[in-house]
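Colleague: Here you go, this is my_file.txt (compact mmCIF, N, CA and C atoms).
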```
# COMPACT_ATOMS: atom_id res chain seq x y z
N MET A 1 38.65 -5.75 1.78
CA MET A 1 38.50 -7.12 2.14
C MET A 1 38.71 -8.04 0.95
N ASP A 2 38.24 -7.64 -0.22
CA ASP A 2 38.41 -8.44 -1.41
C ASP A 2 39.89 -8.58 -1.78
N SER A 3 40.65 -7.52 -1.59
CA SER A 3 42.07 -7.59 -1.94
C SER A 3 42.81 -8.56 -1.01
N LYS A 4 42.39 -8.67 0.24
CA LYS A 4 43.01 -9.62 1.16
C LYS A 4 42.70 -11.06 0.74
N ILE A 5 41.51 -11.30 0.28
CA ILE A 5 41.12 -12.65 -0.17
C ILE A 5 41.89 -13.01 -1.44
N ILE A 6 41.99 -12.08 -2.36
CA ILE A 6 42.74 -12.32 -3.60
C ILE A 6 44.21 -12.55 -3.28
N HIS A 7 44.76 -11.74 -2.39
CA HIS A 7 46.16 -11.90 -1.99
C HIS A 7 46.39 -13.27 -1.33
N ALA A 8 45.48 -13.68 -0.47
CA ALA A 8 45.60 -14.98 0.20
C ALA A 8 45.50 -16.12 -0.81
N ALA A 9 44.61 -15.99 -1.78
CA ALA A 9 44.46 -17.03 -2.81
C ALA A 9 45.72 -17.12 -3.66
N CYS A 10 46.28 -15.98 -4.02
CA CYS A 10 47.52 -15.96 -4.81
C CYS A 10 48.67 -16.58 -4.02
N MET A 11 48.77 -16.23 -2.75
CA MET A 11 49.84 -16.78 -1.92
C MET A 11 49.67 -18.29 -1.76
N GLY A 12 48.44 -18.74 -1.64
CA GLY A 12 48.18 -20.19 -1.56
C GLY A 12 48.60 -20.90 -2.83
N ALA A 13 48.32 -20.29 -3.98
CA ALA A 13 48.72 -20.88 -5.26
C ALA A 13 50.23 -20.92 -5.38
N VAL A 14 50.89 -19.83 -4.96
CA VAL A 14 52.35 -19.79 -5.02
C VAL A 14 52.96 -20.86 -4.12
N VAL A 15 52.45 -21.01 -2.93
CA VAL A 15 52.96 -22.02 -1.99
C VAL A 15 52.75 -23.41 -2.56
N THR A 16 51.60 -23.64 -3.18
CA THR A 16 51.32 -24.95 -3.78
C THR A 16 52.30 -25.26 -4.90
N VAL A 17 52.57 -24.31 -5.76
CA VAL A 17 53.51 -24.52 -6.86
C VAL A 17 54.91 -24.78 -6.33
N ILE A 18 55.34 -24.03 -5.34
CA ILE A 18 56.67 -24.22 -4.77
C ILE A 18 56.77 -25.59 -4.09
N ALA A 19 55.74 -25.96 -3.35
CA ALA A 19 55.76 -27.27 -2.68
C ALA A 19 55.80 -28.41 -3.69
N THR A 20 55.05 -28.28 -4.76
CA THR A 20 55.07 -29.30 -5.81
C THR A 20 56.45 -29.40 -6.44
N GLY A 21 57.07 -28.28 -6.70
CA GLY A 21 58.43 -28.28 -7.26
C GLY A 21 59.42 -28.95 -6.34
N VAL A 22 59.32 -28.67 -5.04
CA VAL A 22 60.23 -29.29 -4.07
C VAL A 22 60.03 -30.80 -4.05
N VAL A 23 58.79 -31.26 -4.09
CA VAL A 23 58.52 -32.70 -4.09
C VAL A 23 59.11 -33.35 -5.33
N ILE A 24 58.94 -32.74 -6.49
CA ILE A 24 59.48 -33.30 -7.73
C ILE A 24 61.01 -33.36 -7.68
N ILE A 25 61.63 -32.30 -7.19
CA ILE A 25 63.10 -32.28 -7.09
C ILE A 25 63.58 -33.36 -6.12
N GLU A 26 62.91 -33.54 -5.00
CA GLU A 26 63.30 -34.56 -4.03
C GLU A 26 63.15 -35.96 -4.62
N GLN A 27 62.10 -36.20 -5.37
CA GLN A 27 61.91 -37.51 -6.00
C GLN A 27 63.00 -37.78 -7.02
N GLU A 28 63.39 -36.79 -7.79
CA GLU A 28 64.45 -36.96 -8.77
C GLU A 28 65.79 -37.25 -8.11
N ARG A 29 66.02 -36.66 -6.96
CA ARG A 29 67.29 -36.83 -6.27
C ARG A 29 67.50 -38.30 -5.88
N TYR A 30 66.45 -38.97 -5.47
CA TYR A 30 66.58 -40.35 -4.99
C TYR A 30 66.20 -41.38 -6.04
N ARG A 31 65.98 -40.95 -7.24
CA ARG A 31 65.63 -41.87 -8.31
C ARG A 31 66.84 -42.71 -8.68
N ILE A 32 66.61 -43.98 -8.89
CA ILE A 32 67.69 -44.89 -9.26
C ILE A 32 67.75 -44.97 -10.79
N TYR A 33 68.89 -44.63 -11.32
CA TYR A 33 69.09 -44.68 -12.76
C TYR A 33 69.81 -45.97 -13.13
N ILE A 34 69.26 -46.69 -14.07
CA ILE A 34 69.87 -47.92 -14.55
C ILE A 34 70.59 -47.58 -15.85
N PRO A 35 71.90 -47.75 -15.87
CA PRO A 35 72.63 -47.40 -17.10
C PRO A 35 72.25 -48.34 -18.24
N ARG A 36 72.11 -47.78 -19.41
CA ARG A 36 71.81 -48.57 -20.59
C ARG A 36 73.05 -49.23 -21.12
N GLU A 37 72.92 -50.47 -21.47
CA GLU A 37 74.04 -51.17 -22.09
C GLU A 37 74.03 -50.87 -23.58
N PRO A 38 75.19 -50.78 -24.17
CA PRO A 38 75.23 -50.53 -25.61
C PRO A 38 74.67 -51.72 -26.38
N ARG A 39 73.96 -51.41 -27.42
CA ARG A 39 73.37 -52.48 -28.24
C ARG A 39 74.41 -52.95 -29.26
N ILE A 40 74.64 -54.22 -29.24
CA ILE A 40 75.62 -54.81 -30.15
C ILE A 40 74.88 -55.81 -31.03
N ASN A 41 75.02 -55.65 -32.31
CA ASN A 41 74.47 -56.59 -33.28
C ASN A 41 72.94 -56.69 -33.18
N THR A 42 72.27 -55.57 -33.12
CA THR A 42 70.82 -55.58 -32.96
C THR A 42 70.10 -56.15 -34.18
N ILE A 43 70.67 -55.97 -35.34
CA ILE A 43 70.02 -56.51 -36.54
C ILE A 43 69.98 -58.02 -36.49
N ALA A 44 71.08 -58.64 -36.12
CA ALA A 44 71.11 -60.10 -36.01
C ALA A 44 70.18 -60.59 -34.91
N GLN A 45 70.14 -59.89 -33.79
CA GLN A 45 69.24 -60.27 -32.70
C GLN A 45 67.79 -60.18 -33.14
N ARG A 46 67.45 -59.11 -33.85
CA ARG A 46 66.07 -58.94 -34.34
C ARG A 46 65.70 -60.06 -35.31
N GLU A 47 66.59 -60.37 -36.23
CA GLU A 47 66.31 -61.43 -37.20
C GLU A 47 66.15 -62.78 -36.51
N PHE A 48 67.01 -63.07 -35.53
CA PHE A 48 66.91 -64.32 -34.78
C PHE A 48 65.58 -64.39 -34.05
N TYR A 49 65.15 -63.29 -33.44
CA TYR A 49 63.89 -63.27 -32.69
C TYR A 49 62.70 -63.51 -33.61
N ILE A 50 62.65 -62.81 -34.73
CA ILE A 50 61.53 -62.99 -35.66
C ILE A 50 61.54 -64.39 -36.24
N ASP A 51 62.70 -64.89 -36.62
CA ASP A 51 62.78 -66.26 -37.15
C ASP A 51 62.33 -67.27 -36.11
N SER A 52 62.69 -67.05 -34.85
CA SER A 52 62.27 -67.99 -33.81
C SER A 52 60.76 -67.98 -33.64
N ILE A 53 60.13 -66.84 -33.80
CA ILE A 53 58.67 -66.77 -33.70
C ILE A 53 58.02 -67.48 -34.88
N LEU A 54 58.51 -67.21 -36.08
CA LEU A 54 57.86 -67.73 -37.27
C LEU A 54 58.16 -69.21 -37.53
N ASN A 55 59.26 -69.72 -37.02
CA ASN A 55 59.67 -71.08 -37.36
C ASN A 55 59.48 -72.10 -36.25
N GLN A 56 58.90 -71.72 -35.13
CA GLN A 56 58.70 -72.69 -34.05
C GLN A 56 57.30 -73.27 -34.03
N GLY A 57 56.58 -73.11 -35.09
CA GLY A 57 55.25 -73.69 -35.18
C GLY A 57 54.15 -72.65 -35.07
N ASP A 58 52.98 -73.05 -35.56
CA ASP A 58 51.85 -72.13 -35.60
C ASP A 58 51.40 -71.69 -34.20
N ARG A 59 51.38 -72.63 -33.27
CA ARG A 59 50.91 -72.30 -31.92
C ARG A 59 51.79 -71.24 -31.26
N HIS A 60 53.11 -71.42 -31.37
CA HIS A 60 54.04 -70.44 -30.79
C HIS A 60 53.88 -69.08 -31.46
N CYS A 61 53.71 -69.08 -32.76
CA CYS A 61 53.55 -67.83 -33.50
C CYS A 61 52.27 -67.12 -33.07
N VAL A 62 51.19 -67.86 -32.92
CA VAL A 62 49.92 -67.26 -32.48
C VAL A 62 50.05 -66.71 -31.07
N GLU A 63 50.78 -67.41 -30.20
CA GLU A 63 50.97 -66.92 -28.83
C GLU A 63 51.76 -65.62 -28.81
N GLN A 64 52.70 -65.45 -29.73
CA GLN A 64 53.56 -64.27 -29.73
C GLN A 64 52.97 -63.09 -30.48
N ILE A 65 52.45 -63.31 -31.69
CA ILE A 65 51.97 -62.18 -32.51
C ILE A 65 50.49 -62.28 -32.87
N ARG A 66 49.80 -63.25 -32.29
CA ARG A 66 48.35 -63.41 -32.45
C ARG A 66 47.90 -63.70 -33.87
N MET A 67 48.78 -64.30 -34.68
CA MET A 67 48.38 -64.75 -36.00
C MET A 67 49.36 -65.82 -36.48
N LYS A 68 48.87 -66.66 -37.38
CA LYS A 68 49.73 -67.71 -37.95
C LYS A 68 50.68 -67.09 -38.96
N PRO A 69 51.80 -67.76 -39.22
CA PRO A 69 52.78 -67.20 -40.17
C PRO A 69 52.20 -66.94 -41.55
N ASP A 70 51.37 -67.86 -42.06
CA ASP A 70 50.82 -67.64 -43.41
C ASP A 70 49.91 -66.41 -43.45
N VAL A 71 49.20 -66.14 -42.36
CA VAL A 71 48.37 -64.94 -42.29
C VAL A 71 49.25 -63.69 -42.27
N LEU A 72 50.34 -63.75 -41.52
CA LEU A 72 51.28 -62.63 -41.48
C LEU A 72 51.85 -62.35 -42.86
N TYR A 73 52.22 -63.41 -43.58
CA TYR A 73 52.78 -63.23 -44.91
C TYR A 73 51.74 -62.63 -45.86
N ARG A 74 50.47 -63.07 -45.76
CA ARG A 74 49.42 -62.50 -46.60
C ARG A 74 49.18 -61.03 -46.25
N LEU A 75 49.24 -60.69 -44.96
CA LEU A 75 49.11 -59.30 -44.55
C LEU A 75 50.24 -58.45 -45.13
N CYS A 76 51.46 -58.96 -45.05
CA CYS A 76 52.60 -58.24 -45.62
C CYS A 76 52.42 -58.03 -47.12
N ASP A 77 51.96 -59.06 -47.82
CA ASP A 77 51.72 -58.94 -49.26
C ASP A 77 50.64 -57.91 -49.56
N ALA A 78 49.57 -57.90 -48.76
CA ALA A 78 48.48 -56.95 -48.99
C ALA A 78 48.96 -55.52 -48.74
N LEU A 79 49.72 -55.31 -47.69
CA LEU A 79 50.23 -53.97 -47.39
C LEU A 79 51.24 -53.51 -48.43
N THR A 80 52.03 -54.45 -48.94
CA THR A 80 53.01 -54.11 -49.96
C THR A 80 52.33 -53.79 -51.29
N SER A 81 51.34 -54.58 -51.65
CA SER A 81 50.68 -54.36 -52.94
C SER A 81 49.93 -53.04 -52.97
N ARG A 82 49.47 -52.57 -51.84
CA ARG A 82 48.77 -51.29 -51.77
C ARG A 82 49.72 -50.13 -51.49
N ASP A 83 50.99 -50.43 -51.43
CA ASP A 83 52.04 -49.44 -51.21
C ASP A 83 51.88 -48.70 -49.87
N ILE A 84 51.38 -49.45 -48.88
CA ILE A 84 51.22 -48.90 -47.54
C ILE A 84 52.50 -49.12 -46.73
N LEU A 85 53.20 -50.19 -47.06
CA LEU A 85 54.39 -50.57 -46.31
C LEU A 85 55.50 -50.90 -47.28
N ARG A 86 56.71 -50.43 -46.97
CA ARG A 86 57.86 -50.69 -47.82
C ARG A 86 59.03 -51.17 -46.99
N SER A 87 59.87 -52.01 -47.57
CA SER A 87 61.09 -52.44 -46.89
C SER A 87 62.05 -51.27 -46.81
N THR A 88 62.87 -51.29 -45.78
CA THR A 88 63.91 -50.28 -45.66
C THR A 88 65.26 -50.97 -45.80
N GLN A 89 66.28 -50.19 -45.71
CA GLN A 89 67.64 -50.71 -45.82
C GLN A 89 67.94 -51.69 -44.69
N ASN A 90 67.38 -51.45 -43.52
CA ASN A 90 67.68 -52.27 -42.34
C ASN A 90 66.66 -53.34 -42.02
N VAL A 91 65.41 -53.14 -42.44
CA VAL A 91 64.36 -54.07 -42.06
C VAL A 91 63.50 -54.41 -43.28
N SER A 92 63.34 -55.70 -43.51
CA SER A 92 62.44 -56.10 -44.59
C SER A 92 61.01 -56.07 -44.06
N ILE A 93 60.05 -56.12 -44.94
CA ILE A 93 58.65 -56.04 -44.55
C ILE A 93 58.27 -57.21 -43.66
N ARG A 94 58.72 -58.38 -43.97
CA ARG A 94 58.33 -59.55 -43.18
C ARG A 94 59.00 -59.58 -41.80
N LYS A 95 60.07 -58.85 -41.66
CA LYS A 95 60.72 -58.78 -40.35
C LYS A 95 60.00 -57.77 -39.50
```
The structure in this file should be written as structure tokens.

Modeller:
Amino acid sequence: MDSKIIHAACMGAVVTVIATGVVIIEQERYRIYIPREPRINTIAQREFYIDSILNQGDRHCVEQIRMKPDVLYRLCDALTSRDILRSTQNVSIRK
């Protein structure tokens, strides 16, 4: 009797795994894929975005990054002086 219960439990687990796999495969089949557009001139776009945040006034800057520009600059200086953050070839610390 115990072997029948174990066999039934194993079969139930197998059926559950197979059913889950079928559901996942069916969901993937009908999934809508949005093609990615190639990124063109991302460095310039990034610089324009950061400049627009920092140069449109304190209120706009606080709304976007939750701090005033002078506080951001002091944070950058503190992180740089402690050698926690460094500029890279593509991105400066303030960007």

Colleague: Could you pull out the residues in chain A that DSSP calls helix (DSSP H, G or I) from the backbone, as a PyMOL selection string?

Modeller: chain A and resi 2-29+42-55+58-65+69-81

Colleague: Env of range 68-70 of chain A: 7 Å cut, atoms = only C-alpha atoms, seq-sep filter 5 positions within chain, self excluded. Answer as a list in words.

Modeller: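 So, after excluding close chain neighbours, the residues are Leu54, Asp58, Cys61 and Val62 of chain A.
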
Colleague: For the residues selected in the previous step, produce a file with N, CA and C atoms as a PDB file, keeping the file's coordinate frame.

Modeller:
```pdb
ATOM      1  N   LEU A  54      58.510 -67.210 -36.080  1.00  0.00           N
ATOM      2  CA  LEU A  54      57.860 -67.730 -37.270  1.00  0.00           C
ATOM      3  C   LEU A  54      58.160 -69.210 -37.530  1.00  0.00           C
ATOM      4  N   ASP A  58      52.980 -73.050 -35.560  1.00  0.00           N
ATOM      5  CA  ASP A  58      51.850 -72.130 -35.600  1.00  0.00           C
ATOM      6  C   ASP A  58      51.400 -71.690 -34.200  1.00  0.00           C
ATOM      7  N   CYS A  61      53.710 -69.080 -32.760  1.00  0.00           N
ATOM      8  CA  CYS A  61      53.550 -67.830 -33.500  1.00  0.00           C
ATOM      9  C   CYS A  61      52.270 -67.120 -33.070  1.00  0.00           C
ATOM     10  N   VAL A  62      51.190 -67.860 -32.920  1.00  0.00           N
ATOM     11  CA  VAL A  62      49.920 -67.260 -32.480  1.00  0.00           C
ATOM     12  C   VAL A  62      50.050 -66.710 -31.070  1.00  0.00           C
TER      13      VAL A  62
END
```

Colleague: How many Å lie between atom N of His7 in chain A and CA of Glu26 in chain A, rounded to one decimal?

Modeller: 29.4 Å

Colleague: What separation in Å, quoted to one decimal, exists between atom C of Asp51 in chain A and atom N of Asn90 in chain A?

Modeller: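 Taking atom C of Asp51 in chain A and atom N of Asn90 in chain A, their separation equals 18.2 Å.
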
Colleague: What does the distance between CA of Cys76 in chain A and atom N of Arg39 in chain A come to in Å, to one decimal place?

Modeller: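 For CA of Cys76 in chain A relative to atom N of Arg39 in chain A, the distance reads 28.9 Å.
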
Colleague: Could you write range 78-89 of chain A as an mmCIF file, keeping the file's coordinate frame, with all heavy atoms rebuilt where they are missing?

Modeller:
```
data_model
loop_
_atom_site.group_PDB
_atom_site.id
_atom_site.type_symbol
_atom_site.label_atom_id
_atom_site.label_comp_id
_atom_site.auth_asym_id
_atom_site.auth_seq_id
_atom_site.Cartn_x
_atom_site.Cartn_y
_atom_site.Cartn_z
ATOM 1 N N ALA A 78 49.570 -57.900 -48.760
ATOM 2 C CA ALA A 78 48.480 -56.950 -48.990
ATOM 3 C C ALA A 78 48.960 -55.520 -48.740
ATOM 4 O O ALA A 78 48.662 -54.609 -49.526
ATOM 5 C CB ALA A 78 47.301 -57.274 -48.080
ATOM 6 N N LEU A 79 49.720 -55.310 -47.690
ATOM 7 C CA LEU A 79 50.230 -53.970 -47.390
ATOM 8 C C LEU A 79 51.240 -53.510 -48.430
ATOM 9 O O LEU A 79 51.295 -52.334 -48.772
ATOM 10 C CB LEU A 79 50.851 -53.946 -45.993
ATOM 11 C CG LEU A 79 49.888 -54.127 -44.831
ATOM 12 C CD1 LEU A 79 50.655 -54.231 -43.522
ATOM 13 C CD2 LEU A 79 48.874 -53.013 -44.769
ATOM 14 N N THR A 80 52.030 -54.450 -48.940
ATOM 15 C CA THR A 80 53.010 -54.110 -49.960
ATOM 16 C C THR A 80 52.330 -53.790 -51.290
ATOM 17 O O THR A 80 52.695 -52.821 -51.959
ATOM 18 C CB THR A 80 53.994 -55.276 -50.161
ATOM 19 O OG1 THR A 80 54.524 -55.647 -48.909
ATOM 20 C CG2 THR A 80 55.133 -54.886 -51.078
ATOM 21 N N SER A 81 51.340 -54.580 -51.650
ATOM 22 C CA SER A 81 50.680 -54.360 -52.940
ATOM 23 C C SER A 81 49.930 -53.040 -52.970
ATOM 24 O O SER A 81 49.787 -52.430 -54.030
ATOM 25 C CB SER A 81 49.729 -55.522 -53.253
ATOM 26 O OG SER A 81 48.650 -55.535 -52.342
ATOM 27 N N ARG A 82 49.470 -52.570 -51.840
ATOM 28 C CA ARG A 82 48.770 -51.290 -51.770
ATOM 29 C C ARG A 82 49.720 -50.130 -51.490
ATOM 30 O O ARG A 82 49.295 -49.009 -51.268
ATOM 31 C CB ARG A 82 47.688 -51.349 -50.699
ATOM 32 C CG ARG A 82 46.597 -52.318 -51.060
ATOM 33 C CD ARG A 82 45.477 -52.302 -50.073
ATOM 34 N NE ARG A 82 44.453 -53.230 -50.520
ATOM 35 C CZ ARG A 82 43.830 -54.070 -49.733
ATOM 36 N NH1 ARG A 82 44.103 -54.095 -48.450
ATOM 37 N NH2 ARG A 82 42.923 -54.875 -50.211
ATOM 38 N N ASP A 83 50.990 -50.430 -51.430
ATOM 39 C CA ASP A 83 52.040 -49.440 -51.210
ATOM 40 C C ASP A 83 51.880 -48.700 -49.870
ATOM 41 O O ASP A 83 52.168 -47.525 -49.754
ATOM 42 C CB ASP A 83 52.103 -48.442 -52.374
ATOM 43 C CG ASP A 83 53.492 -47.825 -52.503
ATOM 44 O OD1 ASP A 83 54.460 -48.440 -52.023
ATOM 45 O OD2 ASP A 83 53.593 -46.727 -53.068
ATOM 46 N N ILE A 84 51.380 -49.450 -48.880
ATOM 47 C CA ILE A 84 51.220 -48.900 -47.540
ATOM 48 C C ILE A 84 52.500 -49.120 -46.730
ATOM 49 O O ILE A 84 52.846 -48.328 -45.870
ATOM 50 C CB ILE A 84 50.015 -49.544 -46.830
ATOM 51 C CG1 ILE A 84 48.739 -49.205 -47.595
ATOM 52 C CG2 ILE A 84 49.921 -49.126 -45.378
ATOM 53 C CD1 ILE A 84 47.511 -49.931 -47.101
ATOM 54 N N LEU A 85 53.200 -50.190 -47.060
ATOM 55 C CA LEU A 85 54.390 -50.570 -46.310
ATOM 56 C C LEU A 85 55.500 -50.900 -47.280
ATOM 57 O O LEU A 85 55.276 -51.529 -48.306
ATOM 58 C CB LEU A 85 54.039 -51.803 -45.459
ATOM 59 C CG LEU A 85 54.981 -52.234 -44.371
ATOM 60 C CD1 LEU A 85 55.124 -51.134 -43.327
ATOM 61 C CD2 LEU A 85 54.469 -53.490 -43.696
ATOM 62 N N ARG A 86 56.710 -50.430 -46.970
ATOM 63 C CA ARG A 86 57.860 -50.690 -47.820
ATOM 64 C C ARG A 86 59.030 -51.170 -46.990
ATOM 65 O O ARG A 86 59.200 -50.743 -45.847
ATOM 66 C CB ARG A 86 58.281 -49.430 -48.569
ATOM 67 C CG ARG A 86 57.378 -49.107 -49.735
ATOM 68 C CD ARG A 86 57.835 -47.859 -50.421
ATOM 69 N NE ARG A 86 56.983 -46.795 -49.838
ATOM 70 C CZ ARG A 86 57.325 -45.541 -49.738
ATOM 71 N NH1 ARG A 86 58.494 -45.139 -50.152
ATOM 72 N NH2 ARG A 86 56.514 -44.665 -49.217
ATOM 73 N N SER A 87 59.870 -52.010 -47.570
ATOM 74 C CA SER A 87 61.090 -52.440 -46.890
ATOM 75 C C SER A 87 62.050 -51.270 -46.810
ATOM 76 O O SER A 87 62.040 -50.376 -47.652
ATOM 77 C CB SER A 87 61.768 -53.580 -47.653
ATOM 78 O OG SER A 87 60.977 -54.734 -47.620
ATOM 79 N N THR A 88 62.870 -51.290 -45.780
ATOM 80 C CA THR A 88 63.910 -50.280 -45.660
ATOM 81 C C THR A 88 65.260 -50.970 -45.800
ATOM 82 O O THR A 88 65.339 -52.186 -45.940
ATOM 83 C CB THR A 88 63.852 -49.554 -44.307
ATOM 84 O OG1 THR A 88 64.131 -50.485 -43.273
ATOM 85 C CG2 THR A 88 62.510 -48.909 -44.086
ATOM 86 N N GLN A 89 66.280 -50.190 -45.710
ATOM 87 C CA GLN A 89 67.640 -50.710 -45.820
ATOM 88 C C GLN A 89 67.940 -51.690 -44.690
ATOM 89 O O GLN A 89 68.642 -52.674 -44.879
ATOM 90 C CB GLN A 89 68.600 -49.537 -45.772
ATOM 91 C CG GLN A 89 70.049 -49.876 -45.729
ATOM 92 C CD GLN A 89 70.877 -48.585 -45.693
ATOM 93 O OE1 GLN A 89 70.420 -47.533 -46.082
ATOM 94 N NE2 GLN A 89 72.089 -48.695 -45.209
#
```
